[in-house]
Structure formats: C-alpha cells, structure tokens
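The structure appears below as structure tokens.
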Amino acid sequence: MIKIIADLQLHSKYSRAVSQQMEIPKIWEWARIKGINLIATGDWTHPIWMREIKANLEEMGNGLLKLKKESIPFNLQDSGVNTDDGPFFLLATEVSSIYSQGGKLRRIHNLIWSPSLKNSDKIIEGLKSRGANLHSDGRPIVGLTSMEIAEIVFSVDSHNLLIPAHAWTPWFSLYGSQSGFDSIDECFGSFAKNIYAIETGLSSDPAMNWRIKDLDNRTLLSFSDAHSGPKLGREATVFELSKLSYENIRSVIAGPYTSFQKGEDRDIDNKIIYTIEFHPEEGKYHYTGHRNCNIKQSPSETKAKGTICPVCGKKLTVGVMQRVEELAGRSEEELRIVKKKLPGTVLEGIYAESFPQKPPYVMFVPLLEILSESMNVSPASQSVQSEYKKLTDQLGSEFSILLEKPLDEIKAISGEKTAEAIGKVRSGDIFVDPGYDGVFGVVKIWFDKKKDEKVPIEEKEQLSFF
Ligand SMILES: [Zn+2]
Ligand SMILES: [Zn+2]
C-alpha cells in the first residue's frame, strides 16, 4: 500500500486574487516542498490555463498527469529529480454558479474532477454550449444551476466527480447561511445520489460535519483552496491506496456507502486514513459578525442576542459554527470524540468513537506560521523564509517535519524555540482568536491566558478538546 497526501483544490494565476507565481512548474515545486504527492491542476475550464496544462503536463494512462521533464523548474534541473516520482496532478477545477431557485438567490461553488483531458474538453464544450463564459476567470461565474452542472458533468462520463466546495462558507457554498441550501437533495435534486463527498473548507472541521445527518453516507474531504504556493497543503486528505490512480481515488470517495455498477474493478483496501485540518477558528467565517461594524459573536452569544447587527441594523453574516448548529441532527456528545495516537505519525488523531468508519483527523498550523510566531516576525519576512528553507532542505518536506520528525531533530537544526512551538502545535496547546465575516482567525502559540482567552466559556470548552 502507498500513502498519498492529496491537495485537490487550488487556483491558477488566472483566477482573481491569486499570486502570479501560481504556474504549473512552481505549483509542482511547492507541492514537493510541502510533501504533497497529488495536487490539483486547478482552473482547467480557463482556455489559457488549459493550454498551459497541456504544454507542461502529460497523461500517465491512470487518470492522472505528471510534469513533463522539460518543465522541471530551472533551479532543479541538475538536482536529479525525476518527474516519475511525482508530485502528480489531477484535473480538478471549480465553477461558481449564481442562480435563483425556490425564490432565493443561490451562490454555489462546485469542484469538477475528470480522469482525462478528453473528458475535461467535453465538459468545457457542454458548459460553453449552455452559454457559460469561461474566459473571464479561472474560476468562472456561470448562470447554470448545480443540477445543470451535474447534468453536464455526468452526461460526459459517470466517472467524473462533482464535489461541493468549502461547503459551509456563508456566501458561496452548498450549506452557506446566506445563499445556500439545507440539504444536498435540495441543491442537486435527482443528482444528489452522485454527490459522494463534500469539501469541508477551512472554517469547519470533520467533527462539526459528523453532526450533520445529510453527510452520514458521504465522504469528507479537506484541501487548501490555495491562492499561492506557501498556502498549499494547509488542509489535505491522506489516502492509502494499493496503487495510485484516479479510479482508486474515485472509488474511495464514492465510498463504502455507494453501490457500484457490476463489473467495476474496486479494491476495498483503499481508504482515506486521515485528513489534515486547519484549526476551524482560523477560517474566515467561523464566528458570526460584521467586520466593518467590529461585531463578532459566538453561537451562544448569537442565541442570546440574535443575528441583527447592533451597529448598522442589518443582518450579520452568520458564521459556520452557527450554521452547523442550525443543521445538526446530533449533538457533539453523541459523537464521543476521543484523541488517540494516529498510526504513522507522532500526533494524536481526533476520532468519533460512535462512528468508527469515519476517518480521523489531525489539526495543525502551517510551518511558516509556526516560524513566524516563534521568531515574532511576519510569515513573509526574509528570516522566516530562510528558516523554512533550511528546515525543509535539511529535514524533509513540511508534512514530514510536522507529522513525523522527533522534536530533538528539529531542535538540532532550528533551535529550541522552533521545536517548542512545533511541540505546542502538535499537542494543541495554542490559542486561536476566531475568524468572522471574511477576517481570518489568528493563531497564538504563546498566549497570555488573561488577555487572549476573552472568549465565552462554551467556546473555551470547544477549543480545549483540541
Ligand atoms: Zn470557491
Ligand atoms: Zn453591521
């Protein structure tokens, strides 16, 4: 069996607010540094990006692609790297649908995955024939409903996948409080049975999703949605596969829950072993609030005060934590959350004892952020960058450092403070000031208990079990 760390959502430089460095050779290079084995191409509906995909990548015959030798970044050309070792690419893209259904405006982001350039080209033709303008952005905005997208994607090939993206963000997602739906059935109609998975997004973690009965028979996926190289892998999904192929990934996602057509070759040993998560408080929409009015509320405060902004009188942006409360079919206690050693890592995983079939997860903070906290300068500063480079050059990929390396090895290269910081992140001994209404949460590894923990009791409990 092989272990595959997959990050299957990101954007190219042709999407809004994305780094100009998000080009294929650079994405490949960053994936190597991070320790990602399988990465999304992103944005293949965009005509120029698709040209770059075809110029830089070649199909391997297993539904995935590899970097062409001539596309190896200049600085690595003499290093003996072999593109046959990966990282490999999966044709993954994202479409933003804006439409009205049931008398309400809906804004839904969906991921489309395909096992071949041929399939992708056909889906592009299908979208264009329905009037979609794919030129304007790497993540195009289309007037098609989620059901119409599903019809296009599955009429090309039932092996394509359609996965609701960052399913809880208030403004642009399946369950979004502002313009989403209450269930997958409502959003996808007769195609709901083909929706095998959701991407949980940065502001929610698996435990929150385990409370949603609509998701009981679906797979939870975590990816970075990165807009720049350093953000790759901030969330990821770890697979264990007999061999790497699109079909093996798809069969794991379609899951033990879904009946397969007769004769389909399927290896039951393939599985997701765990997901790697951001602390959900770090996400931009964890709490409810208004950024311009400086109002931020926890679910218990929202319960007491309601969702009307005391400053401007308009409705607050209802955060993910609150929205999960609204749709939850079971309590957190019913999950019986436990932490125990996660095989193959030095970390403890978070498991639901009541649902042993659900893969566990680990939470951590990206290494650049850890270094930034321990060196007390911004993650973009030169000193953090060179410390990051030193560690990843000498110890291995970021994932191997965070998941596997003993602290004394880290200490030997980067000193006491870095080792202590990584130790604290591993054991969850950190404080996260929750994000809200588009403002990212802030991680503090060394925190002043009195000053920083001005959060309501209920949330303290929520935070403490991590
Ligand atoms: Zn999106
Ligand atoms: Zn307001």
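As shown in the structure tokens, the chain order sets the letters A, B, ...; within each chain, residues go from 1, and ligands are also counted from 1 in the order they appear.
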
Near-ligand residues for ligand 2, threshold 8 Å, only C-alpha atoms and all ligand atoms, as a list in words:
Gly289, His290, Arg291, Asn292, Cys293, Asn294, Ile295, Ile308, Cys309, Pro310, Val311, Cys312, Gly313, Lys314, Lys315 and Leu316 of chain A

Generate the output file for the selected residues, C-alpha atoms, as a CSV table (one decimal), in the first residue's frame.
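Saved the output as result-v5.csv:
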chain,number,residue,atom,x,y,z
A,289,GLY,CA,-20.4,39.0,12.8
A,290,HIS,CA,-19.8,42.2,10.7
A,291,ARG,CA,-16.2,43.1,10.0
A,292,ASN,CA,-17.0,46.8,9.2
A,293,CYS,CA,-19.0,47.2,12.4
A,294,ASN,CA,-16.5,45.3,14.5
A,295,ILE,CA,-19.1,42.9,15.8
A,308,ILE,CA,-29.2,41.7,13.7
A,309,CYS,CA,-26.2,43.9,13.9
A,310,PRO,CA,-26.4,46.3,16.9
A,311,VAL,CA,-24.3,48.9,14.9
A,312,CYS,CA,-25.8,49.0,11.4
A,313,GLY,CA,-29.1,47.2,11.9
A,314,LYS,CA,-28.6,44.8,9.1
A,315,LYS,CA,-28.3,41.0,9.3
A,316,LEU,CA,-25.0,39.7,10.5

Residues of chain A that approach ligand 1 to 8 Å or less, counting only C-alpha atoms and all ligand atoms: could you list each one with the shortest pair of atoms and its distance in Å to one decimal, rows by chain and increasing residue number, as a Markdown table?
| residue | atom | partner | partner_atom_place_in_ligand_line | distance |
| --- | --- | --- | --- | --- |
| A:Glu94 | CA | ligand 1 | 1 (Zn) | 6.7 |
| A:Val95 | CA | ligand 1 | 1 (Zn) | 7.6 |
| A:Ser96 | CA | ligand 1 | 1 (Zn) | 7.0 |
| A:His109 | CA | ligand 1 | 1 (Zn) | 5.1 |
| A:Asn110 | CA | ligand 1 | 1 (Zn) | 7.3 |
| A:Arg139 | CA | ligand 1 | 1 (Zn) | 7.8 |
| A:Ala165 | CA | ligand 1 | 1 (Zn) | 5.9 |
| A:His166 | CA | ligand 1 | 1 (Zn) | 6.5 |
| A:Phe172 | CA | ligand 1 | 1 (Zn) | 6.8 |
| A:Ser173 | CA | ligand 1 | 1 (Zn) | 7.7 |
| A:Asp225 | CA | ligand 1 | 1 (Zn) | 7.4 |

Could those residues be written to a file, using C-alpha atoms, as a PDB file, in the first residue's frame?
ATOM      1  CA  GLU A  94     -14.016  24.935  -9.648  1.00  0.00           C
ATOM      2  CA  VAL A  95     -17.125  26.620 -11.033  1.00  0.00           C
ATOM      3  CA  SER A  96     -19.173  29.314  -9.306  1.00  0.00           C
ATOM      4  CA  HIS A 109     -19.112  26.707  -5.719  1.00  0.00           C
ATOM      5  CA  ASN A 110     -18.597  23.181  -7.030  1.00  0.00           C
ATOM      6  CA  ARG A 139     -12.995  30.083 -11.512  1.00  0.00           C
ATOM      7  CA  ALA A 165     -16.504  23.183  -2.477  1.00  0.00           C
ATOM      8  CA  HIS A 166     -15.848  24.666   1.008  1.00  0.00           C
ATOM      9  CA  PHE A 172     -20.633  30.764  -1.807  1.00  0.00           C
ATOM     10  CA  SER A 173     -21.498  27.232  -0.806  1.00  0.00           C
ATOM     11  CA  ASP A 225      -8.014  26.180  -1.841  1.00  0.00           C
TER      12      ASP A 225
END

To one decimal in Å, tell me the separation between CA of Ile2 (chain A) and CA of Gly428 (chain A).
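It comes out at 28.2 Å.
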
May I have the residues within 9 Å of Pro47 (chain A) as a list of chain:residue names, using only C-alpha atoms and disregarding those fewer than 3 positions away in the same chain?
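Once the nearby chain positions are removed, what remains is A:Trp44, A:Met50, A:Arg51, A:Glu52, A:Leu134, A:His135, A:Gly138.
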
Compare A:Gly255, A:Gly86, A:Pro230, A:Pro343 by their minimum atom-to-atom distance to Gln21 (chain A), counting only C-alpha atoms, and give me the closest one.
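Smallest separation from Gln21 (chain A) among the options: A:Pro230.
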
Please, which residues in region 321-413 of chain A fall within 9 Å of region 269-280 of chain A when counting only C-alpha atoms, and what is the closest atom pair and distance in Å to one decimal for each, ordered by chain then residue number, as JSON lines?
{"residue": "A:Met321", "atom": "CA", "partner": "A:Pro280", "partner_atom": "CA", "distance": 9.0}
{"residue": "A:Leu342", "atom": "CA", "partner": "A:Tyr274", "partner_atom": "CA", "distance": 8.7}
{"residue": "A:Gly349", "atom": "CA", "partner": "A:Tyr274", "partner_atom": "CA", "distance": 8.1}
{"residue": "A:Lys358", "atom": "CA", "partner": "A:Tyr274", "partner_atom": "CA", "distance": 9.0}
{"residue": "A:Pro359", "atom": "CA", "partner": "A:Tyr274", "partner_atom": "CA", "distance": 5.2}
{"residue": "A:Pro360", "atom": "CA", "partner": "A:Tyr274", "partner_atom": "CA", "distance": 5.0}
{"residue": "A:Tyr361", "atom": "CA", "partner": "A:Thr275", "partner_atom": "CA", "distance": 4.7}
{"residue": "A:Val362", "atom": "CA", "partner": "A:Ile276", "partner_atom": "CA", "distance": 5.2}
{"residue": "A:Met363", "atom": "CA", "partner": "A:Glu277", "partner_atom": "CA", "distance": 4.6}
{"residue": "A:Phe364", "atom": "CA", "partner": "A:Phe278", "partner_atom": "CA", "distance": 5.9}
{"residue": "A:Val365", "atom": "CA", "partner": "A:Phe278", "partner_atom": "CA", "distance": 6.4}
{"residue": "A:Pro366", "atom": "CA", "partner": "A:Phe278", "partner_atom": "CA", "distance": 8.2}

Atomic distance CA of Ile27 (chain A) - CA of Ser372 (chain A), expressed in Å with one decimal
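That distance, rounded to one decimal, is 22.5 Å.
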